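Inspection log for the structure reproduced underneath, given as structure tokens.
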Amino acid sequence: MPGGSVVMAVLALRLLLPCTGQHHLEEAERIMTTTPVIDGHNDLPWQLLKRFNNQLGLPEANLTTLDGTHTNIPKLRQGHVGGQFWSVYVPCDTQNKDAVKRTLEQIDVVHRMCELYPETFSCVVDSTGIQQAFQNKKVASLIGVEGGHSIDSSLGVLRTFYHLGVRYMTLTHSCNTPWADNWLVDTGDDPPLHNGLSSFGKMVLAEMNRLGMIVDLAHVSVETMEAVLNLSKAPVIFSHSSAFSLCQNRRNVPDDVLKMVASTDSLVMINFYNNYVTCRDTATLADVADHMDHVKKVAGAQYVGFGGDYDGVTRLPTGLEDVSTYPALVAELLARNWTEAEVKAALAENLIRVFRKVEEVKANLQGTAPHETPIAFEELEGSCRTPYGYTDGAGTARLPPAALGLALALLHSLLS
Ligand SMILES: *[C@@H]1O[C@H](CO)[C@@H](O)[C@H](O)[C@H]1NC(C)=O
Ligand SMILES: *[C@@H]1O[C@H](CO)[C@@H](O)[C@H](O)[C@H]1NC(C)=O
Ligand SMILES: *[C@@H]1O[C@H](CO)[C@@H](O)[C@H](O)[C@H]1NC(C)=O
Ligand SMILES: [Zn+2]
């Protein structure tokens, strides 16, 4: 009779329901065994500097037993992390001071991580290397520079970072550089200086396209985002940003920019920081899934990724406390009817697609000369600079008139 079958159905549901969560988690683990997550931004190197002054040999710095951080080797394994852009972040107060030296030291500590734990980390520099690391069950380890202040307005430093394995640069952190505006311009806390990108900033972008270094637009102003999306020859990433329409924080990406992300085949890797997810101090895993759903709805599943910002933030959502928790988020996406193909795209394939395209643009630009024009001397800031190169020969024209007059007067007094 009908009543009986309803009761049976309700009973069956009661029995089934507690299992569905578990079922999705098992599905997530199965998918991630072959397609692990590539996360866009992790600040473990910054923790290694703060806690141990980069002394990896200290017993308490052992990455297998490391405690009090979001990241350690067992957690990475449990989280099925197969690729990680390690941030070689140095704060904005190093700008015009020791930013370059400190960035080099953070690059060095990532290299030493790979050497010290070869059974876990494999430092790679291209998309093929990521896929080899997947096959060898290693964490493909890549380097991202977080903030253009790290190159001290030098294309030579930018190129040298590329040689050292850097594969993305965030154009700004939370400060303007002499050539690009940061997100605090949009909150009114910093003045707009460059309409997004100065002419030197456009040269930095062109050189990154030529080198095959991914451009990262996390932390930049909306005008900088638009300028880059208009001008870049290659797709770009937001390595750790969420959706502005769900939380009106200027670190997040507005919907019209999400549409430009889709039309340029670029990628937004969702940040888990509570204050960017809910605009409050508290958040849950489901709130992060809402951001992923939103980018999927506005741009498409091909343009979503994961950019947890672990060890760079203080507050993380319930359910996403450390790097072991990615499978729980993937299970939530499955529960929201993301297909296996969409989940795999967000986990790794989208990033690999962008990286391949960046490599292709590099290949197409092989044979074009490096950009050599230095930033104008008067655009540099700070008072401790030597003027070599700017004082004679080809550099003279780059000196401001006052300094040029001084140099000529000096030359005159030496000759007379
Ligand atoms: C870290 O600790 C583990 C477990 O105690 C040990 O086997 C390993 O050799 C240590 N690694 C380093 C680099 O000190
Ligand atoms: C980007 O291009 C669009 C369309 O051509 C234009 O309307 C917009 O002003 C440009 N934005 C920037 C910042 O260059
Ligand atoms: C997922 O799909 C099922 C079956 O089509 C449907 O019953 C359910 O409401 C969907 N869930 C969501 C969150 O869209
Ligand atoms: Zn950041």
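So you can find residues: chains in the structure tokens are A, B, ... in the order shown, residues in each start at 1, and ligands are numbered from 1 in order.
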
Exercise. List every residue of segment 3-198 of chain A that DSSP, applied to the backbone of this structure, assigns to strand (DSSP E), and report them as a PyMOL selection string.
Key: chain A and resi 37-42+81-87+121-123+139-146+166-170

Self-check item: Long-range neighbours of Phe200 of chain A as an NGL selection string, 12 Å cut-off, only C-alpha atoms, 2 positions minimum in chain
Solution: :A and (148 or 153-155 or 177-180 or 194 or 196-198 or 202-207 or 371-377 or 379-380)

Give me the segment 140-166 of chain A side of the contact with segment 19-42 of chain A, cut-off 10 Å, one line per residue showing its nearest atom pair and distance in Å at one decimal, counting only C-alpha atoms, sorted by chain and residue number, as a Markdown table.
| residue | atom | partner | partner_atom | distance |
| --- | --- | --- | --- | --- |
| A:Ala140 | CA | A:Ile38 | CA | 8.3 |
| A:Ser141 | CA | A:Ile38 | CA | 9.5 |
| A:Leu142 | CA | A:Gly40 | CA | 9.4 |
| A:Ile143 | CA | A:His41 | CA | 9.3 |
| A:Gly144 | CA | A:His41 | CA | 7.8 |
| A:Glu146 | CA | A:His41 | CA | 9.3 |

Quiz item: Once you count only C-alpha atoms and all ligand atoms, which residues end up within 12 Å of ligand 1, and could you hand them over as number ranges by chain?
Solution: A: 55-66, 72-74, 112-120

Quick one: write out the picked residues with N, CA and C atoms as a short mmCIF file (atom, residue, chain, number, x, y, z; two decimals), in the first residue's frame?
data_model
loop_
_atom_site.label_atom_id
_atom_site.label_comp_id
_atom_site.auth_asym_id
_atom_site.auth_seq_id
_atom_site.Cartn_x
_atom_site.Cartn_y
_atom_site.Cartn_z
N GLN A 55 66.42 28.57 9.76
CA GLN A 55 67.34 27.49 10.12
C GLN A 55 66.59 26.16 10.10
N LEU A 56 66.58 25.52 8.92
CA LEU A 56 65.80 24.29 8.75
C LEU A 56 66.39 23.12 9.53
N GLY A 57 67.64 23.24 9.94
CA GLY A 57 68.30 22.15 10.68
C GLY A 57 67.91 22.11 12.15
N LEU A 58 67.27 23.15 12.67
CA LEU A 58 66.84 23.11 14.07
C LEU A 58 65.83 21.98 14.26
N PRO A 59 65.96 21.22 15.35
CA PRO A 59 65.03 20.10 15.55
C PRO A 59 63.56 20.54 15.51
N GLU A 60 63.25 21.71 16.06
CA GLU A 60 61.84 22.16 16.08
C GLU A 60 61.36 22.63 14.71
N ALA A 61 62.30 22.79 13.75
CA ALA A 61 61.92 23.20 12.39
C ALA A 61 61.70 22.00 11.48
N ASN A 62 61.80 20.79 12.04
CA ASN A 62 61.59 19.58 11.23
C ASN A 62 60.17 19.59 10.64
N LEU A 63 60.07 19.57 9.32
CA LEU A 63 58.77 19.74 8.67
C LEU A 63 57.85 18.53 8.83
N THR A 64 58.40 17.41 9.30
CA THR A 64 57.56 16.24 9.56
C THR A 64 56.79 16.40 10.87
N THR A 65 57.42 17.05 11.83
CA THR A 65 56.81 17.17 13.16
C THR A 65 56.42 18.61 13.49
N LEU A 66 56.65 19.51 12.54
CA LEU A 66 56.39 20.94 12.76
C LEU A 66 54.99 21.17 13.34
N ASN A 72 52.38 21.13 7.48
CA ASN A 72 53.54 20.28 7.71
C ASN A 72 53.40 19.09 6.77
N ILE A 73 54.40 18.21 6.76
CA ILE A 73 54.39 17.15 5.74
C ILE A 73 53.22 16.18 5.92
N PRO A 74 52.94 15.68 7.13
CA PRO A 74 51.78 14.77 7.24
C PRO A 74 50.46 15.44 6.84
N ARG A 112 66.02 24.86 -0.25
CA ARG A 112 66.56 23.97 0.79
C ARG A 112 65.49 23.00 1.31
N MET A 113 64.21 23.44 1.34
CA MET A 113 63.11 22.51 1.70
C MET A 113 63.11 21.32 0.75
N CYS A 114 63.23 21.60 -0.54
CA CYS A 114 63.19 20.51 -1.53
C CYS A 114 64.39 19.59 -1.38
N GLU A 115 65.55 20.16 -1.04
CA GLU A 115 66.76 19.33 -0.89
C GLU A 115 66.71 18.48 0.37
N LEU A 116 66.13 19.03 1.43
CA LEU A 116 66.13 18.35 2.73
C LEU A 116 65.07 17.25 2.80
N TYR A 117 63.98 17.42 2.04
CA TYR A 117 62.87 16.45 2.08
C TYR A 117 62.54 15.96 0.67
N PRO A 118 63.52 15.31 0.01
CA PRO A 118 63.30 14.93 -1.40
C PRO A 118 62.21 13.87 -1.56
N GLU A 119 61.89 13.15 -0.48
CA GLU A 119 60.83 12.14 -0.59
C GLU A 119 59.45 12.81 -0.61
N THR A 120 59.38 14.08 -0.21
CA THR A 120 58.10 14.81 -0.20
C THR A 120 58.03 15.88 -1.28
#

Practice problem: Throw together the list of residues within 7 Å of ligand 2, counting only C-alpha atoms and all ligand atoms, and drop it here as JSON, numbers by chain. | Solution: {"A": [196, 223, 224, 226, 227, 230]}

Return as JSON lines the residues of chain A lying at most 8 Å from ligand 4, together with the closest atom-to-atom pair for each and the distance in Å to one decimal, counting only C-alpha atoms and all ligand atoms, with rows in chain order and ascending residue number.
{"residue": "A:His41", "atom": "CA", "partner": "ligand 4", "partner_atom_place_in_ligand_line": "1 (Zn)", "distance": 7.8}
{"residue": "A:Glu146", "atom": "CA", "partner": "ligand 4", "partner_atom_place_in_ligand_line": "1 (Zn)", "distance": 6.9}
{"residue": "A:His173", "atom": "CA", "partner": "ligand 4", "partner_atom_place_in_ligand_line": "1 (Zn)", "distance": 6.6}
{"residue": "A:Ala218", "atom": "CA", "partner": "ligand 4", "partner_atom_place_in_ligand_line": "1 (Zn)", "distance": 7.0}
{"residue": "A:His219", "atom": "CA", "partner": "ligand 4", "partner_atom_place_in_ligand_line": "1 (Zn)", "distance": 6.6}
{"residue": "A:His240", "atom": "CA", "partner": "ligand 4", "partner_atom_place_in_ligand_line": "1 (Zn)", "distance": 6.7}
{"residue": "A:Asp309", "atom": "CA", "partner": "ligand 4", "partner_atom_place_in_ligand_line": "1 (Zn)", "distance": 7.0}
{"residue": "A:Gly312", "atom": "CA", "partner": "ligand 4", "partner_atom_place_in_ligand_line": "1 (Zn)", "distance": 7.0}

Practice problem: Write as a ChimeraX atom specification the residues around ligand 3, taking 12 Å as the cut-off and counting only C-alpha atoms and all ligand atoms. | Solution: /A:286,289-290,293,332-339

Saved selection, atoms kept: N, CA, C and O atoms, as a PDB file, in the first residue's frame:
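Below is the file result.pdb, written as the result:
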ATOM      1  N   ALA A 286      31.417  25.768   4.166  1.00  0.00           N
ATOM      2  CA  ALA A 286      30.317  26.006   3.214  1.00  0.00           C
ATOM      3  C   ALA A 286      30.386  27.420   2.636  1.00  0.00           C
ATOM      4  O   ALA A 286      30.048  27.637   1.462  1.00  0.00           O
ATOM      5  N   ALA A 289      32.796  27.281  -0.136  1.00  0.00           N
ATOM      6  CA  ALA A 289      32.154  26.624  -1.285  1.00  0.00           C
ATOM      7  C   ALA A 289      31.223  27.602  -2.012  1.00  0.00           C
ATOM      8  O   ALA A 289      31.109  27.561  -3.240  1.00  0.00           O
ATOM      9  N   ASP A 290      30.586  28.514  -1.253  1.00  0.00           N
ATOM     10  CA  ASP A 290      29.735  29.538  -1.888  1.00  0.00           C
ATOM     11  C   ASP A 290      30.560  30.399  -2.862  1.00  0.00           C
ATOM     12  O   ASP A 290      30.082  30.745  -3.942  1.00  0.00           O
ATOM     13  N   ASP A 293      31.220  28.330  -5.912  1.00  0.00           N
ATOM     14  CA  ASP A 293      29.984  28.280  -6.703  1.00  0.00           C
ATOM     15  C   ASP A 293      29.757  29.595  -7.453  1.00  0.00           C
ATOM     16  O   ASP A 293      29.320  29.605  -8.606  1.00  0.00           O
ATOM     17  N   GLU A 332      32.287  18.746  -0.355  1.00  0.00           N
ATOM     18  CA  GLU A 332      31.182  19.715  -0.346  1.00  0.00           C
ATOM     19  C   GLU A 332      30.807  20.124  -1.781  1.00  0.00           C
ATOM     20  O   GLU A 332      29.628  20.256  -2.107  1.00  0.00           O
ATOM     21  N   LEU A 333      31.812  20.297  -2.644  1.00  0.00           N
ATOM     22  CA  LEU A 333      31.514  20.637  -4.046  1.00  0.00           C
ATOM     23  C   LEU A 333      30.754  19.493  -4.713  1.00  0.00           C
ATOM     24  O   LEU A 333      29.803  19.717  -5.466  1.00  0.00           O
ATOM     25  N   LEU A 334      31.153  18.254  -4.407  1.00  0.00           N
ATOM     26  CA  LEU A 334      30.450  17.091  -4.969  1.00  0.00           C
ATOM     27  C   LEU A 334      29.010  17.058  -4.459  1.00  0.00           C
ATOM     28  O   LEU A 334      28.078  16.771  -5.211  1.00  0.00           O
ATOM     29  N   ALA A 335      28.836  17.375  -3.178  1.00  0.00           N
ATOM     30  CA  ALA A 335      27.486  17.408  -2.603  1.00  0.00           C
ATOM     31  C   ALA A 335      26.639  18.479  -3.286  1.00  0.00           C
ATOM     32  O   ALA A 335      25.414  18.383  -3.318  1.00  0.00           O
ATOM     33  N   ARG A 336      27.320  19.507  -3.822  1.00  0.00           N
ATOM     34  CA  ARG A 336      26.606  20.570  -4.549  1.00  0.00           C
ATOM     35  C   ARG A 336      26.512  20.268  -6.048  1.00  0.00           C
ATOM     36  O   ARG A 336      26.327  21.173  -6.859  1.00  0.00           O
ATOM     37  N   ASN A 337      26.719  19.024  -6.366  1.00  0.00           N
ATOM     38  CA  ASN A 337      26.531  18.538  -7.741  1.00  0.00           C
ATOM     39  C   ASN A 337      27.578  19.028  -8.727  1.00  0.00           C
ATOM     40  O   ASN A 337      27.324  19.081  -9.927  1.00  0.00           O
ATOM     41  N   TRP A 338      28.770  19.427  -8.244  1.00  0.00           N
ATOM     42  CA  TRP A 338      29.852  19.642  -9.197  1.00  0.00           C
ATOM     43  C   TRP A 338      30.175  18.283  -9.819  1.00  0.00           C
ATOM     44  O   TRP A 338      30.227  17.264  -9.115  1.00  0.00           O
ATOM     45  N   THR A 339      30.395  18.241 -11.120  1.00  0.00           N
ATOM     46  CA  THR A 339      30.755  16.985 -11.760  1.00  0.00           C
ATOM     47  C   THR A 339      32.224  16.671 -11.466  1.00  0.00           C
ATOM     48  O   THR A 339      32.995  17.552 -11.065  1.00  0.00           O
TER      49      THR A 339
END

Self-check item: Close residues, Leu365 of chain A itself excluded, 12 Å, only C-alpha atoms, min 5 positions apart in chain, as a list in words
Solution: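 What passes the distance filter is Ala206, Glu207, Met208, Asn209, Arg210, Leu211, Gly212, Lys233, Ala234, Val358, Glu359, Glu360 and Pro370 of chain A.
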
Self-check item: Residue with smallest distance to Pro254 of chain A - pool A:Thr170, A:Ser232, A:Ser241, A:Asn54, counting only C-alpha atoms
Solution: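 Closest to Pro254 of chain A, using only C-alpha atoms: A:Ser241.
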
Quiz item: Within 12 Å of His70 of chain A, counting only C-alpha atoms, which residues qualify if same-chain residues fewer than 6 places away don't, as a VMD selection string?
Solution: chain A and resid 42 to 45 47 63 76 79 308 to 316 320 to 325

With N, CA, C and O atoms retained, write the just-selected residues as a PDB file, in the first residue's frame.
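Result written to again32.pdb:
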ATOM      1  N   ASN A  42      50.763  29.643  -0.372  1.00  0.00           N
ATOM      2  CA  ASN A  42      51.006  29.160   0.993  1.00  0.00           C
ATOM      3  C   ASN A  42      52.231  29.888   1.535  1.00  0.00           C
ATOM      4  O   ASN A  42      53.257  29.987   0.867  1.00  0.00           O
ATOM      5  N   ASP A  43      52.103  30.404   2.748  1.00  0.00           N
ATOM      6  CA  ASP A  43      53.148  31.240   3.358  1.00  0.00           C
ATOM      7  C   ASP A  43      54.048  30.496   4.333  1.00  0.00           C
ATOM      8  O   ASP A  43      54.649  31.126   5.205  1.00  0.00           O
ATOM      9  N   LEU A  44      54.178  29.173   4.174  1.00  0.00           N
ATOM     10  CA  LEU A  44      55.085  28.439   5.069  1.00  0.00           C
ATOM     11  C   LEU A  44      56.496  29.059   5.111  1.00  0.00           C
ATOM     12  O   LEU A  44      57.072  29.181   6.196  1.00  0.00           O
ATOM     13  N   PRO A  45      57.072  29.478   3.953  1.00  0.00           N
ATOM     14  CA  PRO A  45      58.423  30.072   4.029  1.00  0.00           C
ATOM     15  C   PRO A  45      58.479  31.289   4.969  1.00  0.00           C
ATOM     16  O   PRO A  45      59.493  31.496   5.658  1.00  0.00           O
ATOM     17  N   GLN A  47      56.663  31.639   7.679  1.00  0.00           N
ATOM     18  CA  GLN A  47      56.689  31.068   9.033  1.00  0.00           C
ATOM     19  C   GLN A  47      58.092  30.567   9.382  1.00  0.00           C
ATOM     20  O   GLN A  47      58.540  30.699  10.525  1.00  0.00           O
ATOM     21  N   LEU A  63      60.069  19.566   9.324  1.00  0.00           N
ATOM     22  CA  LEU A  63      58.768  19.742   8.666  1.00  0.00           C
ATOM     23  C   LEU A  63      57.845  18.529   8.827  1.00  0.00           C
ATOM     24  O   LEU A  63      56.654  18.614   8.533  1.00  0.00           O
ATOM     25  N   LEU A  76      50.090  17.857   4.595  1.00  0.00           N
ATOM     26  CA  LEU A  76      50.076  17.970   3.126  1.00  0.00           C
ATOM     27  C   LEU A  76      49.667  16.646   2.503  1.00  0.00           C
ATOM     28  O   LEU A  76      48.892  16.596   1.534  1.00  0.00           O
ATOM     29  N   GLY A  79      45.998  15.975   3.023  1.00  0.00           N
ATOM     30  CA  GLY A  79      45.183  16.873   2.212  1.00  0.00           C
ATOM     31  C   GLY A  79      45.273  16.627   0.721  1.00  0.00           C
ATOM     32  O   GLY A  79      44.677  17.357  -0.055  1.00  0.00           O
ATOM     33  N   GLY A 308      44.416  28.786  -0.705  1.00  0.00           N
ATOM     34  CA  GLY A 308      44.064  28.800   0.713  1.00  0.00           C
ATOM     35  C   GLY A 308      44.679  29.903   1.556  1.00  0.00           C
ATOM     36  O   GLY A 308      44.099  30.305   2.551  1.00  0.00           O
ATOM     37  N   ASP A 309      45.875  30.372   1.184  1.00  0.00           N
ATOM     38  CA  ASP A 309      46.580  31.380   1.990  1.00  0.00           C
ATOM     39  C   ASP A 309      46.970  30.827   3.363  1.00  0.00           C
ATOM     40  O   ASP A 309      47.109  31.584   4.329  1.00  0.00           O
ATOM     41  N   TYR A 310      47.152  29.507   3.443  1.00  0.00           N
ATOM     42  CA  TYR A 310      47.545  28.900   4.718  1.00  0.00           C
ATOM     43  C   TYR A 310      48.891  29.450   5.187  1.00  0.00           C
ATOM     44  O   TYR A 310      49.781  29.715   4.392  1.00  0.00           O
ATOM     45  N   ASP A 311      49.004  29.616   6.474  1.00  0.00           N
ATOM     46  CA  ASP A 311      50.185  30.151   7.149  1.00  0.00           C
ATOM     47  C   ASP A 311      50.488  31.598   6.791  1.00  0.00           C
ATOM     48  O   ASP A 311      51.525  32.135   7.192  1.00  0.00           O
ATOM     49  N   GLY A 312      49.535  32.227   6.073  1.00  0.00           N
ATOM     50  CA  GLY A 312      49.640  33.662   5.838  1.00  0.00           C
ATOM     51  C   GLY A 312      48.524  34.413   6.548  1.00  0.00           C
ATOM     52  O   GLY A 312      48.523  35.636   6.579  1.00  0.00           O
ATOM     53  N   VAL A 313      47.554  33.655   7.096  1.00  0.00           N
ATOM     54  CA  VAL A 313      46.400  34.290   7.736  1.00  0.00           C
ATOM     55  C   VAL A 313      46.191  33.718   9.135  1.00  0.00           C
ATOM     56  O   VAL A 313      46.694  32.636   9.462  1.00  0.00           O
ATOM     57  N   THR A 314      45.421  34.441   9.946  1.00  0.00           N
ATOM     58  CA  THR A 314      45.235  34.053  11.340  1.00  0.00           C
ATOM     59  C   THR A 314      43.905  33.348  11.587  1.00  0.00           C
ATOM     60  O   THR A 314      43.770  32.613  12.549  1.00  0.00           O
ATOM     61  N   ARG A 315      42.914  33.603  10.712  1.00  0.00           N
ATOM     62  CA  ARG A 315      41.582  33.025  10.954  1.00  0.00           C
ATOM     63  C   ARG A 315      41.130  32.231   9.739  1.00  0.00           C
ATOM     64  O   ARG A 315      41.062  32.764   8.632  1.00  0.00           O
ATOM     65  N   LEU A 316      40.814  30.953   9.959  1.00  0.00           N
ATOM     66  CA  LEU A 316      40.388  30.078   8.865  1.00  0.00           C
ATOM     67  C   LEU A 316      39.024  29.471   9.186  1.00  0.00           C
ATOM     68  O   LEU A 316      38.667  29.310  10.357  1.00  0.00           O
ATOM     69  N   LEU A 320      38.132  23.976   7.641  1.00  0.00           N
ATOM     70  CA  LEU A 320      39.291  24.170   6.750  1.00  0.00           C
ATOM     71  C   LEU A 320      40.495  24.671   7.552  1.00  0.00           C
ATOM     72  O   LEU A 320      41.234  25.552   7.123  1.00  0.00           O
ATOM     73  N   GLU A 321      40.710  24.052   8.704  1.00  0.00           N
ATOM     74  CA  GLU A 321      41.678  24.582   9.665  1.00  0.00           C
ATOM     75  C   GLU A 321      43.130  24.486   9.211  1.00  0.00           C
ATOM     76  O   GLU A 321      43.970  25.276   9.650  1.00  0.00           O
ATOM     77  N   ASP A 322      43.454  23.527   8.375  1.00  0.00           N
ATOM     78  CA  ASP A 322      44.844  23.402   7.924  1.00  0.00           C
ATOM     79  C   ASP A 322      44.867  22.692   6.573  1.00  0.00           C
ATOM     80  O   ASP A 322      43.807  22.369   6.025  1.00  0.00           O
ATOM     81  N   VAL A 323      46.071  22.433   6.036  1.00  0.00           N
ATOM     82  CA  VAL A 323      46.162  21.920   4.662  1.00  0.00           C
ATOM     83  C   VAL A 323      45.710  20.462   4.513  1.00  0.00           C
ATOM     84  O   VAL A 323      45.670  19.942   3.402  1.00  0.00           O
ATOM     85  N   SER A 324      45.342  19.821   5.639  1.00  0.00           N
ATOM     86  CA  SER A 324      44.820  18.447   5.530  1.00  0.00           C
ATOM     87  C   SER A 324      43.357  18.421   5.101  1.00  0.00           C
ATOM     88  O   SER A 324      42.804  17.344   4.850  1.00  0.00           O
ATOM     89  N   THR A 325      42.712  19.589   5.016  1.00  0.00           N
ATOM     90  CA  THR A 325      41.236  19.617   4.902  1.00  0.00           C
ATOM     91  C   THR A 325      40.696  19.802   3.482  1.00  0.00           C
ATOM     92  O   THR A 325      39.474  19.836   3.295  1.00  0.00           O
TER      93      THR A 325
END

Exercise. Skip Glu105 of chain A itself and residues of its chain fewer than 2 positions away, then list as a count of residues only all residues within 10 Å of it, counting only C-alpha atoms.
Key: 15

Self-check item: Distance in Å - atom CA of Asn195 of chain A versus atom CA of Trp183 of chain A
Solution: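 Computing it gives 12.3 Å between the two atoms.
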
Quiz item: Which residue gives the smallest distance to Asp256 of chain A among A:Cys175, A:Met292, A:Ala299, A:Leu231, with only C-alpha atoms counted?
Solution: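 The closest residue to Asp256 of chain A is A:Ala299.
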
Which neighbours of Arg250 of chain A fall inside 9 Å, counting only C-alpha atoms, when residues of the same chain fewer than 3 positions from it are skipped, and could you give them as a PDB file with N, CA, C and O atoms, in the first residue's frame?
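Below you can see around_10.pdb, which holds the result:
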ATOM      1  N   TRP A 183      45.539  47.330  -3.902  1.00  0.00           N
ATOM      2  CA  TRP A 183      44.109  47.339  -3.570  1.00  0.00           C
ATOM      3  C   TRP A 183      43.723  48.430  -2.578  1.00  0.00           C
ATOM      4  O   TRP A 183      42.565  48.837  -2.539  1.00  0.00           O
ATOM      5  N   LEU A 184      44.683  48.919  -1.766  1.00  0.00           N
ATOM      6  CA  LEU A 184      44.344  49.948  -0.772  1.00  0.00           C
ATOM      7  C   LEU A 184      44.009  51.281  -1.435  1.00  0.00           C
ATOM      8  O   LEU A 184      43.457  52.182  -0.795  1.00  0.00           O
ATOM      9  N   ASP A 186      41.734  51.340  -3.640  1.00  0.00           N
ATOM     10  CA  ASP A 186      40.272  51.221  -3.767  1.00  0.00           C
ATOM     11  C   ASP A 186      39.538  51.417  -2.436  1.00  0.00           C
ATOM     12  O   ASP A 186      38.327  51.633  -2.424  1.00  0.00           O
ATOM     13  N   THR A 187      40.256  51.326  -1.311  1.00  0.00           N
ATOM     14  CA  THR A 187      39.623  51.603  -0.015  1.00  0.00           C
ATOM     15  C   THR A 187      39.841  53.060   0.378  1.00  0.00           C
ATOM     16  O   THR A 187      39.308  53.517   1.393  1.00  0.00           O
ATOM     17  N   HIS A 219      45.820  41.194  -4.605  1.00  0.00           N
ATOM     18  CA  HIS A 219      46.391  42.382  -3.938  1.00  0.00           C
ATOM     19  C   HIS A 219      46.456  43.644  -4.790  1.00  0.00           C
ATOM     20  O   HIS A 219      46.837  44.696  -4.274  1.00  0.00           O
ATOM     21  N   SER A 221      44.919  46.836  -7.348  1.00  0.00           N
ATOM     22  CA  SER A 221      43.678  47.618  -7.454  1.00  0.00           C
ATOM     23  C   SER A 221      42.867  47.135  -8.652  1.00  0.00           C
ATOM     24  O   SER A 221      43.397  46.476  -9.553  1.00  0.00           O
ATOM     25  N   VAL A 222      41.591  47.475  -8.676  1.00  0.00           N
ATOM     26  CA  VAL A 222      40.724  47.053  -9.780  1.00  0.00           C
ATOM     27  C   VAL A 222      41.242  47.615 -11.106  1.00  0.00           C
ATOM     28  O   VAL A 222      41.238  46.931 -12.126  1.00  0.00           O
ATOM     29  N   PHE A 244      34.097  39.306  -4.755  1.00  0.00           N
ATOM     30  CA  PHE A 244      33.674  40.569  -4.143  1.00  0.00           C
ATOM     31  C   PHE A 244      32.164  40.615  -3.914  1.00  0.00           C
ATOM     32  O   PHE A 244      31.703  41.180  -2.924  1.00  0.00           O
ATOM     33  N   CYS A 247      31.443  39.099  -0.524  1.00  0.00           N
ATOM     34  CA  CYS A 247      32.051  39.785   0.628  1.00  0.00           C
ATOM     35  C   CYS A 247      32.766  41.009   0.081  1.00  0.00           C
ATOM     36  O   CYS A 247      33.756  40.882  -0.641  1.00  0.00           O
ATOM     37  N   VAL A 253      37.556  39.806  -5.936  1.00  0.00           N
ATOM     38  CA  VAL A 253      37.437  40.084  -7.368  1.00  0.00           C
ATOM     39  C   VAL A 253      35.983  40.410  -7.726  1.00  0.00           C
ATOM     40  O   VAL A 253      35.102  39.573  -7.529  1.00  0.00           O
ATOM     41  N   PRO A 254      35.737  41.619  -8.284  1.00  0.00           N
ATOM     42  CA  PRO A 254      34.364  41.977  -8.676  1.00  0.00           C
ATOM     43  C   PRO A 254      33.882  41.165  -9.882  1.00  0.00           C
ATOM     44  O   PRO A 254      34.702  40.651 -10.657  1.00  0.00           O
ATOM     45  N   TYR A 276      37.986  37.559   4.191  1.00  0.00           N
ATOM     46  CA  TYR A 276      37.711  37.730   2.760  1.00  0.00           C
ATOM     47  C   TYR A 276      36.540  36.839   2.307  1.00  0.00           C
ATOM     48  O   TYR A 276      35.997  37.027   1.226  1.00  0.00           O
TER      49      TYR A 276
END
